[in-house]
Structures are given as C-alpha cells and as structure tokens.
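Chemist: Before I ask anything, let me first share the structure, which is written out below as structure tokens.
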Amino acid sequence: MKLTLHQFDLPLAHTWTISRGSTDVRRTLIAELQQDGISGFGEATENSYHGATIENISAALERARPVLENRKLDDPAALWEELHSELAESTFAQCALDLAAHDLWGKLLGRPVWELWGLSLKNLPPSDYTIGIDSIDKMVEKLDEFSGWPVYKIKLGTPDDLEIVRRLREHTKAPFRVDANCAWTAEETIEKARVLAGLGVEFIEQPLAADDSDGMRQVFRRSVLPVIADESCRYESDVERCRECFHGINIKLVKCGGLTPARRMIDRARQLGLKVMVGCMTESTVGISAIAQLLPLLDHADMDGPLLLARDIATGVTLDRGRVVYPQETGCGVRLL
C-alpha cells in the first residue's frame, strides 16, 4: 500500500463556539491509502482539547509507513491490531488510517462497508443538526437556516442556557438534545434537567467534567433526563465505567481510534444496556461517510459536520434534513474533490 497525507483548512460557515472556546477554521488531515490503483480515504481533525495537532498526527502516521508499504490490505481490523502498538499514543492517527483502510477495503471488494459487515439500511436513525453557542438571536437564525430537521442538538454552557432553549422552542416542535461540554455542576444539571424536560429535550450530553465520576453518579440517580457520555467515554476501556454514571455513550471515531474499536465499543455498550450514539468533530464528508457505515447499529447520530462548513473537500454520504443518503460508490463512498 502507498500512504499519502493531505492537509486541509476547513472554513466554517459560522464561528463555532462551545463552552471551551471558538474557532472559524478546522484543520484536518486526510490519509489516502492506495493499492492496485484504488484509493481509500480517512480523516482526523485537529483538536486542542485532546492534544491532537496536524503535526503529531502526521508524525504518527509516518511511523506506520514502512509497515504499510510492505503489505497488501486484506482485513482493516487486522491492520489496526498490527499497528496498534505503533500508533497507540495517537488515536487520531489510528482513526485516519483505519477509516482509509475500510474505505479501500470496500472499494477493492466492490461493496459498501456496511454491507460487508452484514448490516441493513432499514430503520436508520436520523442525524441531528447542531447549533453552536452564539447570541440567542443568532442561534435562532441558525435553526431557521436549517428548518424542518427531525432533531436539533444545542450547545450550552452559558448564563442564558434555559432562555436559549425556551427561545429556540418557539421556532420548532422537533426534539432537542443539549450538550454542555463539561460546563455544568451536578446540582446545576439536576435542576436544569427538570426545566429542559418540559421544553422537549431528549437527553443531556456530557454536563460535567470528564473526570467527575462522583458528580455524574449523583446526576445519574437524580436527573429526570437521560445523560450521555462524550468526554467521559474516549477509549474502549471507558465504556464499562460509564455504566454507573450514564444512560448512554457518544462515540467519536478520532477519540477511540477508528471504526474497528468503535464497533467493539458498540457491542460492549449493548451488553451493558447503554444507548449508543456516534458523533462528529466537525469533520468533512470523509469522516462523516465513515460514521454512516455504523448507522444501522446506533440509537442516535450526530453527523452534521459538512453542513457546518463553508466549503467541503469530498463527496460521499450526504444529509437530506437529517436523513442519511448513501452514494453509489463502494467502500465508505468517499472521493476527494
């Protein structure tokens, strides 16, 4: 296999703000794996919270180059295991390579990845559309810009959280999900949940700091709304710990290391009775198309990354008001523009 790395700046349609900060551009790294004249593509975006930079992701992938150049792809999961020790310090690099390997695998075999896994596209959950933190009027404008979606995810972590949800509720009857990105306390979460439940909120995502297990146990026992882990569930080993603190988990491919570990996390979550969601990190269509392969296994999906961009870099899976539309392409369906 031949490995080629592509760096892109992904300009955002609106300034993206969550409780930890704001950005106007998302830097991303695309890994291209080529074999027999066919290319597969994977993605990892830069993320300061997790210490992932284009430079350290690229450096990790360069360490894998000798292995890749001396073998042919037969099984993406076997390749992930073979390179695990080499890439263990960078799940973002693992992710980019694993996604590229799956895309290439499906293209070499002439079938979509979901089909090779034995899955069906019946009864798929819709994707939400995410509204980043802004002035309340601007958040209303963002919702109206994408009116008619079946569900919306609202970023919170401000002094006006409840008023934001009240105002947005005036403009749609669709269910809401709220994500505080670690900004709340346990008591604050319990109190706000009572109000949010009356405003059509389905669940609360990651209200407390990732390491606040004691606080999350309180929330888990007393909140009238379900709580979903995000920052608290990064690796496969975290799934077990979430059982006593959360009702479900949100898996991010870059955080766990790609599709291969994500499938194991889904299986374990099901064994533990946890709901399962897979979310994006404002990736391009490259990353979103990989997430879509898992959709038949999920309860909830957050795949709106390309819709938050001013300009995309690839074709593949698309969203039609929350409905996921698969391309005719095989693999994960990705082609770089």
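Simple scheme: letters A, B, ... for chains in structure tokens order, numbers from 1 for residues in each chain, numbers from 1 for ligands in the order shown.
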Just asking: which residues within range 11-225 of chain A are helix (DSSP H, G or I) according to DSSP, as number ranges by chain?

Modeler: A: 54-69, 76-87, 91-109, 113-116, 136-145, 161-169, 186-197, 213-222

Chemist: Excluding range 310-318 of chain A and any residue of its chain fewer than 3 positions from it, enumerate the residues within 7 Å of it, using only C-alpha atoms, and give them as JSON, numbers by chain.

Modeler: {"A": [10, 11, 12, 13, 284, 285, 286, 289, 306, 324, 325, 326, 327, 333, 334, 335, 336, 337]}

Chemist: Please produce an output containing N, CA and C atoms for each residue in the selection, written as a compact mmCIF listing (two decimals), in the first residue's frame.

Modeler:
```
# COMPACT_ATOMS: atom_id res chain seq x y z
N LEU A 10 -10.53 23.68 6.84
CA LEU A 10 -11.97 23.63 6.60
C LEU A 10 -12.61 24.90 7.16
N PRO A 11 -12.89 25.90 6.32
CA PRO A 11 -13.54 27.11 6.82
C PRO A 11 -14.97 26.83 7.24
N LEU A 12 -15.39 27.39 8.36
CA LEU A 12 -16.73 27.14 8.89
C LEU A 12 -17.72 28.18 8.39
N ALA A 13 -18.94 27.75 8.22
CA ALA A 13 -19.98 28.67 7.75
C ALA A 13 -20.29 29.74 8.79
N SER A 284 -15.06 16.74 7.63
CA SER A 284 -15.58 16.87 6.28
C SER A 284 -16.42 15.63 5.96
N THR A 285 -16.86 15.53 4.72
CA THR A 285 -17.61 14.37 4.27
C THR A 285 -16.79 13.09 4.36
N VAL A 286 -15.46 13.19 4.38
CA VAL A 286 -14.63 11.99 4.52
C VAL A 286 -14.95 11.28 5.83
N SER A 289 -18.77 10.09 6.16
CA SER A 289 -19.11 8.90 5.38
C SER A 289 -18.69 7.62 6.11
N PRO A 306 -20.25 18.32 7.75
CA PRO A 306 -20.12 19.04 6.48
C PRO A 306 -21.08 20.22 6.33
N VAL A 324 -30.01 10.25 6.14
CA VAL A 324 -28.70 9.94 5.57
C VAL A 324 -28.87 9.30 4.20
N VAL A 325 -28.18 9.88 3.21
CA VAL A 325 -28.27 9.40 1.83
C VAL A 325 -26.91 8.81 1.45
N TYR A 326 -26.90 7.53 1.10
CA TYR A 326 -25.66 6.85 0.74
C TYR A 326 -25.40 6.98 -0.76
N PRO A 327 -24.14 7.16 -1.14
CA PRO A 327 -23.80 7.27 -2.56
C PRO A 327 -23.75 5.90 -3.23
N GLY A 333 -17.60 5.23 0.36
CA GLY A 333 -18.21 6.09 -0.65
C GLY A 333 -17.51 7.40 -0.88
N VAL A 334 -16.25 7.52 -0.48
CA VAL A 334 -15.57 8.81 -0.47
C VAL A 334 -14.76 9.04 -1.74
N ARG A 335 -14.84 10.26 -2.26
CA ARG A 335 -13.94 10.75 -3.31
C ARG A 335 -13.54 12.17 -2.96
N LEU A 336 -12.25 12.46 -3.00
CA LEU A 336 -11.78 13.83 -2.76
C LEU A 336 -12.14 14.70 -3.96
N LEU A 337 -12.52 15.92 -3.68
CA LEU A 337 -12.79 16.88 -4.75
C LEU A 337 -11.49 17.41 -5.34
```

Chemist: Find the spatial neighbours of Tyr235 in chain A, counting only C-alpha atoms, within a cut-off of 10 Å - ignore same-chain residues fewer than 4 positions away - and output them as JSON, numbers by chain.

Modeler: {"A": [91, 231, 239, 251, 252, 253, 255, 256, 257, 261, 262, 265]}

Chemist: Near range 125-137 of chain A, counting only C-alpha atoms, which residues have an atom at most 7 Å away, once you skip same-chain residues fewer than 5 positions from it, shown as a list in words?

Modeler: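 Contacts, with the query itself left out: Trp16, Thr17, Ile18, Lys142, Leu143, Val151, Tyr152, Lys153, Ile154, Lys155, Leu156, Ile164, Asp299, His300, Ala301, Asp302, Met303, Asp304, Gly322, Arg323 and Val324 of chain A.
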
Chemist: Could the residues in this selection be saved with N, CA and C atoms as a PDB file, in the first residue's frame?

Modeler:
```pdb
ATOM      1  N   TRP A  16     -17.714  28.751  15.229  1.00  0.00           N
ATOM      2  CA  TRP A  16     -18.155  27.596  16.010  1.00  0.00           C
ATOM      3  C   TRP A  16     -17.752  27.810  17.462  1.00  0.00           C
ATOM      4  N   THR A  17     -18.745  27.875  18.341  1.00  0.00           N
ATOM      5  CA  THR A  17     -18.489  28.126  19.754  1.00  0.00           C
ATOM      6  C   THR A  17     -19.145  27.059  20.604  1.00  0.00           C
ATOM      7  N   ILE A  18     -18.344  26.479  21.509  1.00  0.00           N
ATOM      8  CA  ILE A  18     -18.864  25.618  22.562  1.00  0.00           C
ATOM      9  C   ILE A  18     -18.362  26.204  23.878  1.00  0.00           C
ATOM     10  N   LYS A 142     -29.686  30.392  13.099  1.00  0.00           N
ATOM     11  CA  LYS A 142     -29.066  29.135  12.683  1.00  0.00           C
ATOM     12  C   LYS A 142     -30.114  28.023  12.585  1.00  0.00           C
ATOM     13  N   LEU A 143     -31.033  27.979  13.558  1.00  0.00           N
ATOM     14  CA  LEU A 143     -32.089  26.977  13.498  1.00  0.00           C
ATOM     15  C   LEU A 143     -32.972  27.198  12.277  1.00  0.00           C
ATOM     16  N   VAL A 151     -34.525  16.585  14.433  1.00  0.00           N
ATOM     17  CA  VAL A 151     -33.974  16.753  15.781  1.00  0.00           C
ATOM     18  C   VAL A 151     -32.816  17.742  15.716  1.00  0.00           C
ATOM     19  N   TYR A 152     -32.661  18.531  16.791  1.00  0.00           N
ATOM     20  CA  TYR A 152     -31.589  19.520  16.873  1.00  0.00           C
ATOM     21  C   TYR A 152     -30.770  19.292  18.137  1.00  0.00           C
ATOM     22  N   LYS A 153     -29.459  19.499  17.990  1.00  0.00           N
ATOM     23  CA  LYS A 153     -28.559  19.449  19.130  1.00  0.00           C
ATOM     24  C   LYS A 153     -28.132  20.876  19.448  1.00  0.00           C
ATOM     25  N   ILE A 154     -28.251  21.268  20.711  1.00  0.00           N
ATOM     26  CA  ILE A 154     -27.976  22.641  21.116  1.00  0.00           C
ATOM     27  C   ILE A 154     -26.790  22.667  22.061  1.00  0.00           C
ATOM     28  N   LYS A 155     -25.771  23.409  21.698  1.00  0.00           N
ATOM     29  CA  LYS A 155     -24.608  23.583  22.558  1.00  0.00           C
ATOM     30  C   LYS A 155     -24.938  24.607  23.646  1.00  0.00           C
ATOM     31  N   LEU A 156     -24.681  24.216  24.896  1.00  0.00           N
ATOM     32  CA  LEU A 156     -24.952  25.096  26.031  1.00  0.00           C
ATOM     33  C   LEU A 156     -23.701  25.222  26.890  1.00  0.00           C
ATOM     34  N   ILE A 164     -32.052  30.216  26.164  1.00  0.00           N
ATOM     35  CA  ILE A 164     -31.724  29.784  24.799  1.00  0.00           C
ATOM     36  C   ILE A 164     -32.694  28.701  24.345  1.00  0.00           C
ATOM     37  N   ASP A 299     -28.505   4.186  18.085  1.00  0.00           N
ATOM     38  CA  ASP A 299     -29.765   4.781  18.515  1.00  0.00           C
ATOM     39  C   ASP A 299     -29.861   6.235  18.068  1.00  0.00           C
ATOM     40  N   HIS A 300     -28.726   6.943  18.108  1.00  0.00           N
ATOM     41  CA  HIS A 300     -28.682   8.367  17.774  1.00  0.00           C
ATOM     42  C   HIS A 300     -27.445   8.660  16.934  1.00  0.00           C
ATOM     43  N   ALA A 301     -27.529   9.707  16.127  1.00  0.00           N
ATOM     44  CA  ALA A 301     -26.386  10.082  15.285  1.00  0.00           C
ATOM     45  C   ALA A 301     -26.240  11.597  15.241  1.00  0.00           C
ATOM     46  N   ASP A 302     -24.989  12.026  15.215  1.00  0.00           N
ATOM     47  CA  ASP A 302     -24.647  13.447  15.088  1.00  0.00           C
ATOM     48  C   ASP A 302     -23.620  13.530  13.954  1.00  0.00           C
ATOM     49  N   MET A 303     -24.112  13.736  12.723  1.00  0.00           N
ATOM     50  CA  MET A 303     -23.279  13.622  11.527  1.00  0.00           C
ATOM     51  C   MET A 303     -23.320  14.883  10.673  1.00  0.00           C
ATOM     52  N   ASP A 304     -23.539  16.020  11.299  1.00  0.00           N
ATOM     53  CA  ASP A 304     -23.786  17.240  10.523  1.00  0.00           C
ATOM     54  C   ASP A 304     -22.535  18.029  10.174  1.00  0.00           C
ATOM     55  N   GLY A 322     -31.672  15.589   7.812  1.00  0.00           N
ATOM     56  CA  GLY A 322     -31.489  14.557   8.818  1.00  0.00           C
ATOM     57  C   GLY A 322     -31.440  13.150   8.284  1.00  0.00           C
ATOM     58  N   ARG A 323     -31.997  12.928   7.103  1.00  0.00           N
ATOM     59  CA  ARG A 323     -31.972  11.588   6.510  1.00  0.00           C
ATOM     60  C   ARG A 323     -30.636  11.369   5.824  1.00  0.00           C
ATOM     61  N   VAL A 324     -30.008  10.249   6.136  1.00  0.00           N
ATOM     62  CA  VAL A 324     -28.699   9.939   5.574  1.00  0.00           C
ATOM     63  C   VAL A 324     -28.868   9.302   4.198  1.00  0.00           C
TER      64      VAL A 324
END
```

Chemist: Output as a list of chain:residue names all residues of range 240-284 of chain A that backbone DSSP marks as strand (DSSP E or B).

Modeler: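 Selecting the strand (DSSP E or B) positions of range 240-284 of chain A gives A:Gly248, A:Ile249, A:Asn250, A:Ile251, A:Lys252, A:Lys275, A:Val276, A:Met277, A:Val278, A:Gly279.
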
Chemist: Taking only C-alpha atoms into account, name the residue in A:Ile30, A:Ile204, A:Val140, A:Leu3 that is nearest to Glu170 in chain A.

Modeler: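 Residue with the minimum atom-to-atom distance to Glu170 in chain A: A:Val140.
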
Chemist: Which residue, A:Gly248, A:Gly198, A:Gly215, A:Gly148, has the smallest gap to Arg321 in chain A when you use only C-alpha atoms?

Modeler: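 Nearest to Arg321 in chain A: A:Gly148.
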
Chemist: Give the answer as one residue: which of A:Gln271, A:Asn181, A:Asn70, A:Asn56 has the shortest atom-to-atom distance to Glu205 in chain A, using only C-alpha atoms?

Modeler: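 Residue with the minimum atom-to-atom distance to Glu205 in chain A: A:Asn181.
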